[in-house]
>>> print(open('structure_37.txt').read())   # compact mmCIF, C-alpha atoms
# COMPACT_ATOMS: atom_id res chain seq x y z
CA MET A 1 -11.92 10.19 -20.60
CA LYS A 2 -12.47 7.62 -23.37
CA ILE A 3 -16.12 6.61 -23.82
CA SER A 4 -15.14 2.98 -24.45
CA TYR A 5 -13.32 2.79 -21.11
CA LEU A 6 -16.21 4.42 -19.26
CA TYR A 7 -18.56 1.91 -20.86
CA ARG A 8 -16.43 -1.03 -19.63
CA VAL A 9 -16.37 0.43 -16.11
CA ALA A 10 -20.14 0.95 -16.11
CA LYS A 11 -20.72 -2.56 -17.46
CA ASN A 12 -18.68 -4.13 -14.66
CA ALA A 13 -20.09 -1.93 -11.90
CA SER A 14 -22.07 -3.58 -9.13
CA THR A 15 -25.64 -2.31 -9.07
CA HIS A 16 -25.96 -3.40 -5.45
CA LYS A 17 -22.88 -1.43 -4.38
CA LEU A 18 -23.90 1.57 -6.47
CA ASN A 19 -27.31 1.68 -4.81
CA ALA A 20 -25.70 1.28 -1.40
CA VAL A 21 -23.43 4.26 -2.05
CA ILE A 22 -26.35 6.39 -3.26
CA GLU A 23 -28.31 5.45 -0.14
CA LYS A 24 -25.36 6.30 2.10
CA VAL A 25 -24.79 9.68 0.45
CA GLN A 26 -28.51 10.41 0.75
CA GLN A 27 -28.31 9.70 4.50
CA ILE A 28 -25.36 12.08 4.81
CA THR A 29 -26.59 14.92 2.59
CA GLY A 30 -30.39 14.57 2.44
CA ARG A 31 -30.28 15.03 -1.33
CA ASP A 32 -32.55 13.37 -3.87
CA ARG A 33 -31.34 9.96 -5.09
CA GLY A 34 -31.68 10.98 -8.72
CA ALA A 35 -29.62 14.12 -8.16
CA ILE A 36 -26.92 12.06 -6.43
CA LEU A 37 -26.78 9.60 -9.33
CA LEU A 38 -26.49 12.41 -11.88
CA ASP A 39 -23.70 14.00 -9.87
CA MET A 40 -21.88 10.65 -9.64
CA ILE A 41 -22.11 10.25 -13.41
CA HIS A 42 -20.77 13.79 -13.82
CA CYS A 43 -17.79 12.94 -11.57
CA THR A 44 -17.14 9.75 -13.55
CA VAL A 45 -17.17 11.52 -16.92
CA ARG A 46 -15.18 14.57 -15.84
CA TYR A 47 -12.85 13.19 -13.16
CA GLY A 48 -12.78 9.43 -13.70
CA ALA A 49 -14.36 8.80 -10.30
CA GLY A 50 -16.09 5.53 -9.48
CA TYR A 51 -18.69 5.14 -6.75
CA HIS A 52 -15.96 4.18 -4.28
CA ASP A 53 -14.16 7.45 -5.03
CA TYR A 54 -17.38 9.44 -4.72
CA LEU A 55 -18.02 8.14 -1.21
CA ALA A 56 -14.48 7.68 0.13
CA TYR A 57 -13.27 11.18 -0.82
CA ALA A 58 -16.64 12.84 -0.13
CA LEU A 59 -16.82 14.27 -3.65
CA TYR A 60 -20.44 15.10 -2.90
CA ASP A 61 -19.12 17.80 -0.52
CA MET A 62 -16.56 19.40 -2.87
CA THR A 63 -16.41 22.21 -5.37
CA GLU A 64 -15.43 21.43 -8.95
CA LYS A 65 -11.95 22.80 -8.32
CA GLU A 66 -11.52 20.57 -5.27
CA ARG A 67 -12.80 17.52 -7.15
CA ASP A 68 -10.30 18.17 -9.92
CA SER A 69 -7.43 17.85 -7.41
CA ILE A 70 -8.31 14.24 -6.54
CA VAL A 71 -6.49 11.20 -7.90
CA THR A 72 -9.41 8.92 -8.71
CA ARG A 73 -9.37 5.29 -9.76
CA LEU A 74 -9.20 5.98 -13.50
CA ARG A 75 -6.69 8.79 -13.10
CA SER A 76 -4.53 6.48 -11.01
CA LYS A 77 -4.47 3.92 -13.82
CA LYS A 78 -3.40 6.62 -16.27
CA ILE A 79 -0.63 7.84 -13.96
CA ASN A 80 0.70 4.31 -13.54
CA ALA A 81 0.53 3.61 -17.26
CA TYR A 82 2.58 6.72 -18.02
CA LEU A 83 5.20 6.42 -15.27
CA ASN A 84 5.74 2.65 -15.14
CA ASP A 85 6.92 0.41 -17.96
CA PRO A 86 4.81 -2.78 -17.76
CA ASP A 87 7.72 -4.85 -19.07
CA PHE A 88 9.51 -4.26 -15.75
CA GLU A 89 6.60 -4.57 -13.31
CA TYR A 90 7.35 -8.27 -12.78
CA ILE A 91 10.33 -7.22 -10.63
CA PHE A 92 7.90 -5.79 -8.09
CA ASP A 93 5.12 -8.34 -8.59
CA ARG A 94 7.30 -11.38 -7.84
CA LYS A 95 8.86 -11.61 -4.38
CA ASN A 96 11.92 -13.52 -5.56
CA GLU A 97 12.71 -10.91 -8.22
CA LEU A 98 12.22 -8.01 -5.81
CA ASP A 99 14.48 -9.59 -3.19
CA ARG A 100 17.15 -10.27 -5.79
CA HIS A 101 17.14 -6.75 -7.25
CA PHE A 102 16.97 -4.99 -3.88
CA ARG A 103 19.09 -7.34 -1.74
CA ASP A 104 21.25 -4.41 -0.56
CA PHE A 105 18.19 -2.75 1.01
CA LEU A 106 16.53 -5.76 2.69
CA HIS A 107 18.41 -5.88 6.02
CA ARG A 108 17.80 -9.67 6.10
CA ASP A 109 18.75 -12.76 4.16
CA PHE A 110 16.40 -14.58 1.79
CA LEU A 111 16.14 -17.76 -0.22
CA ASP A 112 14.58 -18.02 -3.67
CA LEU A 113 12.50 -21.19 -3.53
CA LYS A 114 12.17 -21.21 -7.31
CA THR A 115 15.84 -22.12 -7.66
CA ALA A 116 16.80 -23.49 -4.22
CA SER A 117 17.71 -27.13 -3.66
CA LYS A 118 16.72 -29.14 -0.59
CA ASP A 119 20.20 -28.58 0.85
CA ASP A 120 19.80 -24.83 0.29
CA VAL A 121 16.58 -24.87 2.33
CA PHE A 122 18.23 -26.86 5.11
CA ARG A 123 21.17 -24.45 5.28
CA PHE A 124 18.86 -21.45 5.31
CA ILE A 125 16.76 -22.69 8.23
CA GLU A 126 19.69 -24.18 10.16
CA ASP A 127 20.54 -21.11 12.27
CA LYS A 128 17.00 -19.67 12.47
CA GLU A 129 14.15 -20.35 14.85
CA THR A 130 11.58 -18.57 12.67
CA VAL A 131 11.38 -17.64 8.99
CA VAL A 132 8.81 -15.84 6.88
CA ALA A 133 7.40 -17.73 3.89
CA LYS A 134 5.85 -15.57 1.18
CA PRO A 135 3.90 -16.47 -1.96
CA ASN A 136 5.81 -15.37 -5.00
CA GLU A 137 2.87 -13.30 -6.19
CA GLY A 138 0.13 -11.68 -4.18
CA PHE A 139 -0.82 -8.54 -2.33
CA GLY A 140 -2.25 -7.30 0.94
CA GLY A 141 -0.19 -9.71 3.03
CA HIS A 142 -2.33 -12.67 1.95
CA GLY A 143 -0.67 -16.07 2.09
CA ILE A 144 2.31 -14.94 4.19
CA GLU A 145 3.19 -17.36 7.00
CA PHE A 146 5.60 -17.16 9.93
CA LEU A 147 7.09 -20.64 10.23
CA HIS A 148 8.64 -21.75 13.54
CA LYS A 149 11.18 -24.55 13.36
CA LYS A 150 9.93 -25.99 16.65
CA ASP A 151 6.55 -26.70 15.04
CA PHE A 152 8.07 -29.24 12.63
CA PRO A 153 9.29 -32.68 13.75
CA ASP A 154 12.28 -32.56 11.40
CA MET A 155 13.85 -30.70 8.50
CA GLU A 156 12.24 -32.98 5.94
CA SER A 157 8.74 -32.07 7.09
CA PHE A 158 9.66 -28.38 6.98
CA TYR A 159 10.93 -28.80 3.44
CA ASP A 160 7.79 -30.67 2.38
CA TYR A 161 5.65 -27.91 3.87
CA VAL A 162 7.31 -25.01 2.04
CA ARG A 163 7.35 -27.01 -1.20
CA GLU A 164 3.62 -27.78 -1.06
CA PRO A 165 2.37 -26.53 -4.49
CA ASP A 166 -0.92 -25.19 -3.16
CA ARG A 167 0.91 -22.77 -0.86
CA GLU A 168 2.77 -21.24 -3.81
CA PHE A 169 5.63 -20.00 -1.64
CA GLY A 170 8.26 -18.16 -3.65
CA VAL A 171 10.75 -17.02 -1.02
CA LEU A 172 11.86 -17.64 2.54
CA GLU A 173 13.09 -14.60 4.46
CA GLY A 174 14.70 -13.97 7.79
CA VAL A 175 12.49 -12.25 10.35
CA LEU A 176 12.83 -8.49 10.65
CA ILE A 177 13.27 -7.20 14.20
CA GLN A 178 11.51 -3.86 14.43
CA HIS A 179 12.49 -0.83 16.44
CA GLU A 180 10.92 -0.68 19.90
CA ASP A 181 9.08 2.56 19.04
CA MET A 182 7.45 0.89 16.03
CA LYS A 183 6.71 -2.27 17.97
CA ALA A 184 5.00 -0.18 20.66
CA LEU A 185 2.28 0.82 18.17
CA ASN A 186 1.17 -2.81 17.95
CA PRO A 187 3.54 -5.63 19.01
CA ASN A 188 1.60 -8.27 17.06
CA SER A 189 2.64 -7.00 13.61
CA VAL A 190 5.53 -5.44 11.74
CA ASN A 191 4.27 -1.86 11.43
CA CYS A 192 5.65 -0.50 8.18
CA LEU A 193 5.91 2.85 6.49
CA ARG A 194 4.53 3.30 2.99
CA ILE A 195 6.79 5.86 1.31
CA VAL A 196 5.96 6.88 -2.26
CA THR A 197 8.64 7.90 -4.73
CA VAL A 198 8.43 9.37 -8.23
CA LEU A 199 11.56 9.46 -10.36
CA ASP A 200 12.09 12.35 -12.79
CA GLU A 201 11.92 11.56 -16.49
CA ASP A 202 15.67 12.12 -16.75
CA GLY A 203 16.25 9.61 -13.95
CA GLU A 204 18.02 12.10 -11.72
CA GLN A 205 15.83 13.50 -8.97
CA VAL A 206 13.46 11.51 -6.74
CA HIS A 207 10.32 13.19 -5.39
CA ILE A 208 8.33 12.00 -2.36
CA PRO A 209 4.70 13.21 -2.34
CA PHE A 210 3.62 11.47 0.86
CA ALA A 211 4.27 8.78 3.43
CA VAL A 212 1.96 6.86 5.73
CA CYS A 213 2.44 4.45 8.62
CA LYS A 214 0.57 1.15 8.40
CA ILE A 215 -0.27 -0.34 11.76
CA GLY A 216 -1.62 -3.78 12.56
CA ASN A 217 -4.87 -4.17 14.45
CA GLY A 218 -5.62 -7.25 16.51
CA ASP A 219 -3.60 -10.46 16.28
CA SER A 220 -2.73 -10.24 12.58
CA LYS A 221 0.99 -10.42 11.81
CA VAL A 222 0.58 -8.02 8.88
CA ASP A 223 -0.34 -4.34 8.84
CA ASN A 224 -2.18 -4.16 5.50
CA LEU A 225 -5.50 -2.32 5.39
CA GLY A 226 -6.95 -5.24 3.44
CA SER A 227 -6.14 -7.49 6.39
CA GLY A 228 -7.78 -5.30 9.02
CA GLY A 229 -4.92 -2.89 9.67
CA MET A 230 -5.03 0.88 9.91
CA SER A 231 -3.11 3.69 8.29
CA CYS A 232 -1.95 7.11 9.41
CA PRO A 233 -0.13 9.83 7.41
CA VAL A 234 3.37 10.91 8.41
CA ASP A 235 4.44 14.55 8.30
CA LEU A 236 7.47 14.68 5.99
CA GLU A 237 8.96 17.60 7.93
CA THR A 238 8.38 16.65 11.57
CA HIS A 239 8.59 12.85 11.00
CA SER A 240 5.52 12.45 13.23
CA LEU A 241 2.13 10.84 12.69
CA ILE A 242 -0.79 13.00 11.66
CA GLY A 243 -3.77 11.48 13.46
CA PRO A 244 -6.26 9.94 13.38
CA ALA A 245 -5.55 6.44 12.04
CA HIS A 246 -7.98 5.19 9.41
CA VAL A 247 -9.41 1.67 9.11
CA ASP A 248 -10.43 0.58 5.63
CA CYS A 249 -14.16 -0.02 5.48
CA SER A 250 -14.65 0.51 1.75
CA LEU A 251 -15.77 -3.05 1.05
CA ASP A 252 -19.02 -2.57 2.98
CA TYR A 253 -20.63 0.36 1.16
CA GLN A 254 -23.96 0.09 2.92
CA ALA A 255 -22.40 0.39 6.37
CA HIS A 256 -19.65 2.74 5.20
CA GLU A 257 -18.59 5.04 7.98
CA ALA A 258 -15.18 6.61 8.43
CA ILE A 259 -13.65 4.43 11.13
CA ASN A 260 -10.90 6.44 12.76
CA TYR A 261 -8.91 6.05 15.94
CA ASP A 262 -7.13 8.79 17.86
CA ARG A 263 -5.26 6.07 19.77
CA HIS A 264 -4.58 2.42 19.07
CA PRO A 265 -7.48 0.30 20.38
CA ILE A 266 -5.10 -2.33 21.82
CA THR A 267 -1.96 -0.50 22.94
CA GLY A 268 -3.52 2.88 23.70
CA ILE A 269 -0.74 4.74 21.84
CA VAL A 270 -1.90 8.23 20.79
CA PHE A 271 -1.25 8.66 17.07
CA GLU A 272 -1.14 12.44 16.63
CA GLY A 273 2.46 13.60 17.03
CA TYR A 274 3.95 10.11 17.49
CA LYS A 275 7.56 10.30 16.30
CA ILE A 276 8.81 7.76 13.75
CA PRO A 277 12.43 6.68 14.36
CA TYR A 278 14.94 6.69 11.48
CA PHE A 279 12.39 8.41 9.25
CA GLN A 280 14.92 10.58 7.43
CA GLU A 281 17.06 7.50 6.84
CA ALA A 282 13.98 5.73 5.45
CA LEU A 283 13.40 8.59 3.00
CA GLU A 284 17.01 8.43 1.85
CA LEU A 285 16.85 4.64 1.44
CA CYS A 286 13.76 4.95 -0.78
CA LYS A 287 15.43 7.63 -2.90
CA LYS A 288 18.38 5.30 -3.51
CA ALA A 289 16.11 2.32 -4.23
CA ALA A 290 14.13 4.38 -6.75
CA HIS A 291 17.17 4.38 -9.06
CA VAL A 292 17.59 0.58 -9.15
CA VAL A 293 14.82 -0.01 -11.71
CA PRO A 294 14.43 3.40 -13.39
CA GLN A 295 11.83 2.02 -15.81
CA ILE A 296 9.44 1.93 -12.83
CA ARG A 297 9.30 5.59 -11.86
CA TYR A 298 6.34 5.45 -9.44
CA VAL A 299 6.70 3.10 -6.45
CA GLY A 300 5.09 2.71 -3.05
CA TRP A 301 7.77 1.25 -0.77
CA ASP A 302 6.88 -0.68 2.38
CA ILE A 303 9.64 0.06 4.87
CA ALA A 304 10.27 -1.61 8.22
CA ILE A 305 12.16 0.32 10.87
CA CYS A 306 14.70 -1.93 12.58
CA PRO A 307 16.73 -1.12 15.73
CA ASP A 308 19.58 0.17 13.58
CA GLY A 309 17.74 1.60 10.58
CA PRO A 310 15.21 1.06 7.77
CA ALA A 311 14.72 -1.99 5.53
CA ILE A 312 12.65 -2.60 2.41
CA VAL A 313 9.82 -5.09 2.91
CA GLU A 314 8.42 -4.74 -0.61
CA GLY A 315 7.78 -2.31 -3.44
CA ASN A 316 4.42 -1.71 -5.09
CA THR A 317 3.77 -0.35 -8.56
CA TYR A 318 0.32 0.73 -7.33
CA SER A 319 1.12 2.86 -4.34
CA GLY A 320 -2.26 3.20 -2.58
CA HIS A 321 -2.95 6.92 -2.85
CA ASP A 322 -6.29 6.69 -1.02
CA ILE A 323 -5.18 7.38 2.53
CA TYR A 324 -3.68 10.77 1.75
CA GLN A 325 -6.92 12.10 0.25
CA LEU A 326 -9.43 11.14 2.93
CA PRO A 327 -11.77 13.85 4.24
CA GLU A 328 -10.74 13.44 7.88
CA TYR A 329 -7.32 14.90 7.09
CA TRP A 330 -8.74 18.06 5.52
CA LYS A 331 -10.55 19.35 8.57
CA GLY A 332 -9.59 23.01 8.89
CA LYS A 333 -7.37 22.75 5.78
CA PRO A 334 -7.88 23.27 2.03
CA LYS A 335 -9.29 20.23 0.24
CA VAL A 336 -6.41 19.51 -2.12
CA GLY A 337 -5.65 16.02 -3.36
CA LEU A 338 -2.60 14.61 -5.14
CA MET A 339 -3.35 15.62 -8.74
CA PRO A 340 -1.33 18.88 -8.57
CA PHE A 341 1.72 16.80 -7.68
CA PHE A 342 1.28 14.23 -10.46
CA ARG A 343 0.55 16.86 -13.11
CA GLN A 344 4.23 17.80 -12.84
CA PHE A 345 5.15 14.39 -14.28
CA VAL A 346 2.19 13.23 -16.39
CA PRO A 347 1.30 15.63 -19.22
CA GLY A 348 -2.32 16.21 -20.14
CA ILE A 349 -3.82 14.45 -17.16
>>> encode(input="structure_37.txt", output="structure tokens")
Amino acid sequence: MKISYLYRVAKNASTHKLNAVIEKVQQITGRDRGAILLDMIHCTVRYGAGYHDYLAYALYDMTEKERDSIVTRLRSKKINAYLNDPDFEYIFDRKNELDRHFRDFLHRDFLDLKTASKDDVFRFIEDKETVVAKPNEGFGGHGIEFLHKKDFPDMESFYDYVREPDREFGVLEGVLIQHEDMKALNPNSVNCLRIVTVLDEDGEQVHIPFAVCKIGNGDSKVDNLGSGGMSCPVDLETHSLIGPAHVDCSLDYQAHEAINYDRHPITGIVFEGYKIPYFQEALELCKKAAHVVPQIRYVGWDIAICPDGPAIVEGNTYSGHDIYQLPEYWKGKPKVGLMPFFRQFVPGI
């Protein structure tokens, strides 16, 4: 690990959060604060682990061999830098570009607001009661709005709304209707799969290291962990959820506790063993999509399951590896993270 990079990370680290993590680990382990800090520094130097990694993956409770199997923050950046050409990341970062490149996988129509005329907007909304307006750039579901035609007095007011510069909408999309089995998990949101693909260097074979199901929690229309949602791994062989579902609490280090649910707090659906419909078809769709922009070899695809099959919601050049390395999924199993998988594709990592 380069000393200059470690210095920049240390310089930008939050002393308050660092102290909160040390305090939390001390509560869990009973160890001396100084010993914890030294061990955290050791994990940063040797494994590229920040204080979030140290707490979230319970590195304090691992052997050196187990720690070396974890994809940490800094390792993740190195993996992305090697597998993804930054000159092509804009295709995934901008909603209008992603929709244009992957139109055959969307299962819905869309309108690029960057190039659309007023008449184009009117024609798009004409036969729809509801559309989804998305900022052209953004993450975590922030800024997405479901717009109902009945809420606008006329087409002009709808047009003025979507063209409001402060909203920064980039595309309008038709609403995805999700499969009843996915809707049952939480009817208030589109509950997507996150399926990760890695394309071979020769551009031939696509590998899938893991998949998770993202599930909304509460009244939010989106399922993102950053918006209060939860996430649950999917068994690639049985196509069923591996419970429990995890709620992201990493932003509050002082109160950090693993918040897990065996069943959904609203619908009561039991997660463990819940079968995902059209899962094999979703895997095949992602494998095909992985060839569209071969310069981006490592993608986390958000996939909706519709009544008649899967559809791409978006693609992410940072896939969110966290959920598949959390301690709650290693109970009774070896503690092995995702590094052995990525070492097949990234030399020297």
>>> closest_residue(input="structure_37.txt", among="A:Val132, A:Val206, A:Ala58, A:Cys192", to="A:Ile144", atoms="only C-alpha atoms")
A:Val132
>>> closest_atom_pairs(input="structure_37.txt", of="stretch 123-209 of chain A", to="stretch 231-248 of chain A", cutoff="10 Å", atoms="all atoms listed in the file", output="Markdown table")
| residue | atom | partner | partner_atom | distance |
| --- | --- | --- | --- | --- |
| A:Asn191 | CA | A:Ser231 | CA | 9.8 |
| A:Cys192 | CA | A:Ser231 | CA | 9.7 |
| A:Leu193 | CA | A:Val234 | CA | 8.7 |
| A:Arg194 | CA | A:Pro233 | CA | 9.2 |
| A:Ile195 | CA | A:Val234 | CA | 9.4 |
| A:Ile208 | CA | A:Leu236 | CA | 8.8 |
| A:Pro209 | CA | A:Leu236 | CA | 8.9 |
>>> closest_residue(input="structure_37.txt", among="A:Glu129, A:Thr15, A:Met155, A:Pro310", to="A:Gln280", atoms="only C-alpha atoms")
A:Pro310
>>> closest_residue(input="structure_37.txt", among="A:Tyr47, A:Tyr261, A:Tyr82, A:Phe210", to="A:Gly229", atoms="only C-alpha atoms")
A:Tyr261
>>> atom_distance(input="structure_37.txt", atom1="atom CA of A:Arg73", atom2="atom CA of A:His52")
8.6 Å
>>> atom_distance(input="structure_37.txt", atom1="atom CA of A:Cys43", atom2="atom CA of A:Thr63")
11.2 Å
